[in-house]
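Here's the structure, in structure tokens; my notes come after.
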Amino acid sequence: MRQEINDKSGIGQTLVNLAAVYQSQANYPEALDFLQQALAILREEKERYGEAVILNNMGEIYRGLGQARHALSYFEKARSLFDAEGDKFAVGIAVANIGAAYDALGEYSQALEFYQEAVAIATAVEDAVGIGQTLLNMGAVYEKLAEYSQALESYQQGLEVMRAVGDLDAIAQALNNIGSVHRLRGDYSQALQFYDRALEIRQNIGNRAGIAVTLNNQGVALVEAGKIPEAIDTLYAAIDALESLRPGLSDRNKISIFDKYRSSYSVLQKALLAQNQIETALEVSERGRARAFVELIARRVSPEAAQEYANERISSPTIAEIKQVAGAQNATLVEYSIAIDNKGENSQLLIWVVKPTGEIHARQVELSSLEQYRDNLVPFLVRGEPDGNSDSLLTALVRGTRADLAEPLLSIPADRVSSVKLKKLPQLLIKPIADVLPKNPEERVIFVPHNELFFVPFPALQDEAGRYLIENHTILTAPAIQVLQLIAQEATGDRATGEALVVGNPVMPVVSRQPGEEAQTFDKLPGAEQEAIAVGALLNTEPLIGSEVTETRVLQRISTADRVHLATHGLLDDYSTSGIPGAIVLAPGDAADGLLTAEEIMALNLNASLVVLSACNTGGGNITGDGIVGLSRALLGAGAKSAIVTLWKVEDAPTAQFMPDFYRFLAQTGDRAVALRQAMLATMQQHPNPRYWAAFTLIGESRSRR
């Protein structure tokens, strides 16, 4: 009716209301879509107050999706507009939301400051709901700071206010959080009583995200109380509730919402292993990793899979399917999972080894042993930008090992990392499973890392005799066992020509790395040009060099090429602001900027059996529960069967030897993992330091199926 009478303000308000309904149902894609439509209308009508409401609501959705930094920017814009409109009531809401964003980022002192300001404003304008909700939020901060008495006091005060108001959702939140404080204090019977009351309310009002949270908390409490069978049932219900939120979300939002709730999978794995359910725990490990990546690839397998992706979730692999993958790959699969404790900190490393015969072994490694290395690791402890949480000692160990190996930090004396240099990592990752790894170095080992372990230079790890892992094994990696399964199922592209695309040393574009920054160009790469010429000769193709390497020409050929070799700069910045970092530097021209971003790669339809990114740190990106979100993920998601990327800056001279050797060995063996190993061993003869050869990582298929 409002459209019929062209009531644009009314149309905008109705769109906002529709979004609120979808948001209450945790249908975030629909909610965001309606808000975007409303935002365009209200901005056109110059209705600043309505614009502020929409920005605030969008911030709440992004916070619910786990994108706290993104949410913060929306809340701050909303506050500014509310201030300009002179609406103190709305300002108080925006201020409280800013506090919640800082809370999610782990910046607790700032969160408390904004919460206290919000309570003062809400009190002044007699906003009872605002007072109650902010008190609950303050309690959550005190809980994280382990100030449990203050947490309980804030929760109880907030609960009383919300009972008076009659806000069932907030009452459930308060009961859930009070239960968590009792759990942290070890009073499990009290905790479970509060969780039961919270769950009943959340089920009655249909709060699916809240149901997932409370079921997870119940499961943790039951594990800690020693009621493992009951805990297992509860945790399965928790991940079922979590996964019901995923259908319809964008790839980016699937990643972030999973990161927010992924602890359920970790706790369930530990509970299953406590019951000696080794194989079932491995199924849960697979179910809890790379889900958005799996669904991305599944869309390419068949029209049926694409429809399943659109409407439902792709089922995780059964233990029978996992064994089939090991057999089909003729490889030993090694899957790692980093388990967390009840405070969300790394506590154990869970490792499964699946032999090609189907035999499965499991090991558990306590990460508390890293405490003795804390002094050595302190220089490598930094605060993570995406979520604000302090790094774990395991992250610091990986970073310290890589820094000492690839790019020594001048500010840190060598003896500060000598005790961890390539020694402690293999003690954690390899030694516990050494007895079940293949003895024949020609047999493949596929490592399936987890979280920060994606950055581990597996070929450079040393055993107790000082031999590098690549000397003992043929190595490749995968983000999940199911990714291997789906890549193998994907039909060979009809458009592949069998030809190669080789590029090197493009004319460098002039671009800004960040909006508002001064534009700059990139260093020329004469070594990459020579590399491209040598590789082109081996692949029987004329390479594109210099000004020929335009984005337009590369895109014309990349989708039909069987092998793609890109010798240029690789970047980790998010140039498209899509949340998918990474770009490949090409030459500008034909109105193209010369940056092939990860987002643009994801939109391609690749048919390549192999893509080699012979550039610096192309294996980098953002670490999430979905694996590394960056160039390697974009390439496999776009259809490449395998990719070779680098973990750090590679040197020109060794790489000029390494890459031609790799292609010669590949022509001889037809096996990418074998060829990569032989190239590493050959380069090692002239350049013994692993910094010159261990950066290269093969992800995906090993053998060509064409």
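Naming scheme: A, B, ... for chains in displayed order of the structure tokens; residues 1 onward per chain; ligands 1 onward as shown.
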
Report as a PDB file with C-alpha atoms, in the first residue's frame all protein, DNA and RNA residues lying within 9 Å of Tyr74 (chain A), evaluated on only C-alpha atoms, omitting residues in the same chain fewer than 3 positions from it.
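Output saved as out.pdb:
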ATOM      1  CA  ALA A  52      20.996   5.989  12.005  1.00  0.00           C
ATOM      2  CA  LEU A  55      23.120   1.554  10.648  1.00  0.00           C
ATOM      3  CA  ASN A  56      22.642   0.571  14.289  1.00  0.00           C
ATOM      4  CA  ASN A  57      20.590  -2.478  13.296  1.00  0.00           C
ATOM      5  CA  MET A  58      23.151  -3.541  10.694  1.00  0.00           C
ATOM      6  CA  GLY A  59      25.839  -3.267  13.344  1.00  0.00           C
ATOM      7  CA  GLU A  60      23.834  -5.598  15.594  1.00  0.00           C
ATOM      8  CA  HIS A  70      32.795  -4.263  11.154  1.00  0.00           C
ATOM      9  CA  ALA A  71      29.930  -3.802  13.626  1.00  0.00           C
ATOM     10  CA  LYS A  77      28.286   6.153  12.584  1.00  0.00           C
ATOM     11  CA  ALA A  78      24.862   5.606  14.142  1.00  0.00           C
ATOM     12  CA  ARG A  79      25.883   7.391  17.362  1.00  0.00           C
TER      13      ARG A  79
END

If you take only C-alpha atoms and a cut-off of 12 Å, which residues of region 331-380 of chain A touch region 472-488 of chain A, and what are their nearest atom pairs and distances in Å to one decimal, in chain and number order, as CSV?
residue,atom,partner,partner_atom,distance
A:Ala331,CA,A:Thr474,CA,9.5
A:Thr332,CA,A:Ile475,CA,9.9
A:Leu333,CA,A:Ile481,CA,8.0
A:Val334,CA,A:Thr477,CA,9.2
A:Glu335,CA,A:Ala480,CA,8.1
A:Tyr336,CA,A:Ala480,CA,10.0
A:Ser337,CA,A:Ala480,CA,11.0
A:Trp352,CA,A:Ile481,CA,11.6
A:Val353,CA,A:Ile481,CA,11.7
A:Val354,CA,A:Ile481,CA,10.4

Worksheet entry | Shell around Leu538 (chain A) at 12 Å using only C-alpha atoms, local window under 2 positions removed, as a ChimeraX atom specification | /A:499-502,531-536,540-543,563,565,659-667

Worksheet item: Counting only C-alpha atoms, what is within 8 Å of Glu279 (chain A), bar same-chain residues fewer than 4 positions away, as a PyMOL selection string?
Response: chain A and resi 283+319+360

Practice prompt. Name all residues at most 12 Å from Leu381 (chain A) (count only C-alpha atoms; drop same-chain ones fewer than 5 positions away) and give them as a list in words.
Written response: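 The filter keeps Arg374, Asp375, Asn376, Asn389, Ser390, Asp391, Ser392, Leu393, Leu394, Thr395, Ala396, Leu397, Val398, Arg399 and Gly400 of chain A.
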
Go ahead and dump the residues you just picked, N, CA and C atoms, as a PDB file, in the first residue's frame.
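Below is the file again_23.pdb, written as the result:
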ATOM      1  N   ARG A 374      57.707 -19.973  27.751  1.00  0.00           N
ATOM      2  CA  ARG A 374      57.030 -18.673  27.678  1.00  0.00           C
ATOM      3  C   ARG A 374      58.017 -17.523  27.498  1.00  0.00           C
ATOM      4  N   ASP A 375      59.124 -17.517  28.245  1.00  0.00           N
ATOM      5  CA  ASP A 375      60.079 -16.415  28.134  1.00  0.00           C
ATOM      6  C   ASP A 375      60.605 -16.279  26.710  1.00  0.00           C
ATOM      7  N   ASN A 376      60.836 -17.418  26.046  1.00  0.00           N
ATOM      8  CA  ASN A 376      61.322 -17.378  24.670  1.00  0.00           C
ATOM      9  C   ASN A 376      60.245 -16.903  23.695  1.00  0.00           C
ATOM     10  N   ASN A 389      41.749 -10.988  20.581  1.00  0.00           N
ATOM     11  CA  ASN A 389      42.191 -11.927  21.603  1.00  0.00           C
ATOM     12  C   ASN A 389      43.699 -12.099  21.556  1.00  0.00           C
ATOM     13  N   SER A 390      44.311 -12.259  22.717  1.00  0.00           N
ATOM     14  CA  SER A 390      45.743 -12.473  22.758  1.00  0.00           C
ATOM     15  C   SER A 390      46.091 -13.811  22.118  1.00  0.00           C
ATOM     16  N   ASP A 391      47.243 -13.834  21.469  1.00  0.00           N
ATOM     17  CA  ASP A 391      47.684 -15.073  20.851  1.00  0.00           C
ATOM     18  C   ASP A 391      47.979 -16.125  21.908  1.00  0.00           C
ATOM     19  N   SER A 392      47.845 -17.381  21.522  1.00  0.00           N
ATOM     20  CA  SER A 392      48.220 -18.480  22.394  1.00  0.00           C
ATOM     21  C   SER A 392      49.722 -18.715  22.271  1.00  0.00           C
ATOM     22  N   LEU A 393      50.264 -19.484  23.211  1.00  0.00           N
ATOM     23  CA  LEU A 393      51.677 -19.832  23.127  1.00  0.00           C
ATOM     24  C   LEU A 393      51.953 -20.677  21.892  1.00  0.00           C
ATOM     25  N   LEU A 394      50.976 -21.474  21.462  1.00  0.00           N
ATOM     26  CA  LEU A 394      51.162 -22.268  20.247  1.00  0.00           C
ATOM     27  C   LEU A 394      51.296 -21.352  19.037  1.00  0.00           C
ATOM     28  N   THR A 395      50.463 -20.319  18.954  1.00  0.00           N
ATOM     29  CA  THR A 395      50.590 -19.345  17.866  1.00  0.00           C
ATOM     30  C   THR A 395      51.958 -18.684  17.904  1.00  0.00           C
ATOM     31  N   ALA A 396      52.399 -18.312  19.098  1.00  0.00           N
ATOM     32  CA  ALA A 396      53.707 -17.670  19.243  1.00  0.00           C
ATOM     33  C   ALA A 396      54.826 -18.613  18.822  1.00  0.00           C
ATOM     34  N   LEU A 397      54.682 -19.894  19.132  1.00  0.00           N
ATOM     35  CA  LEU A 397      55.695 -20.870  18.737  1.00  0.00           C
ATOM     36  C   LEU A 397      55.781 -20.977  17.216  1.00  0.00           C
ATOM     37  N   VAL A 398      54.623 -21.027  16.562  1.00  0.00           N
ATOM     38  CA  VAL A 398      54.622 -21.101  15.102  1.00  0.00           C
ATOM     39  C   VAL A 398      55.237 -19.838  14.514  1.00  0.00           C
ATOM     40  N   ARG A 399      54.825 -18.680  15.047  1.00  0.00           N
ATOM     41  CA  ARG A 399      55.356 -17.420  14.537  1.00  0.00           C
ATOM     42  C   ARG A 399      56.860 -17.306  14.804  1.00  0.00           C
ATOM     43  N   GLY A 400      57.281 -17.693  16.001  1.00  0.00           N
ATOM     44  CA  GLY A 400      58.692 -17.607  16.341  1.00  0.00           C
ATOM     45  C   GLY A 400      59.549 -18.518  15.490  1.00  0.00           C
TER      46      GLY A 400
END

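The spacing separating CA of Ala634 (chain A) from CA of Met602 (chain A) amounts to 5.0 Å.
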
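Nearest to Arg63 (chain A) of all the residues A:Gly50, A:Gly546, A:Gly637, A:Gly99 is A:Gly99, based on only C-alpha atoms.
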
Worksheet entry | Contact residues around Gln13 (chain A) with only C-alpha atoms at 12 Å, ignoring same-chain residues under 5 positions, as JSON, numbers by chain | {"A": [2, 3, 7, 8, 18, 19, 20, 34, 35, 37, 38, 39, 41, 42, 47, 49, 50, 51, 53, 54]}

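For region 590-600 of chain A, the set of protein, DNA and RNA residues having any atom at most 9 Å away, when counting only C-alpha atoms and skipping those fewer than 6 positions along the same chain, is Met508, Pro509, Val510, Val511, Val549, Thr550, Glu551, Thr552, Leu571, Asp574, Tyr575, Ser576, Ser578, Gly579, Ile580, Pro581, Gly582, Ala583, Ile584, Gly630, Leu631, Ser632, Arg633, Ala634 and Leu635 of chain A.
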
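For the pair CA of Val674 (chain A) and CA of Arg444 (chain A), the separation is 8.1 Å.
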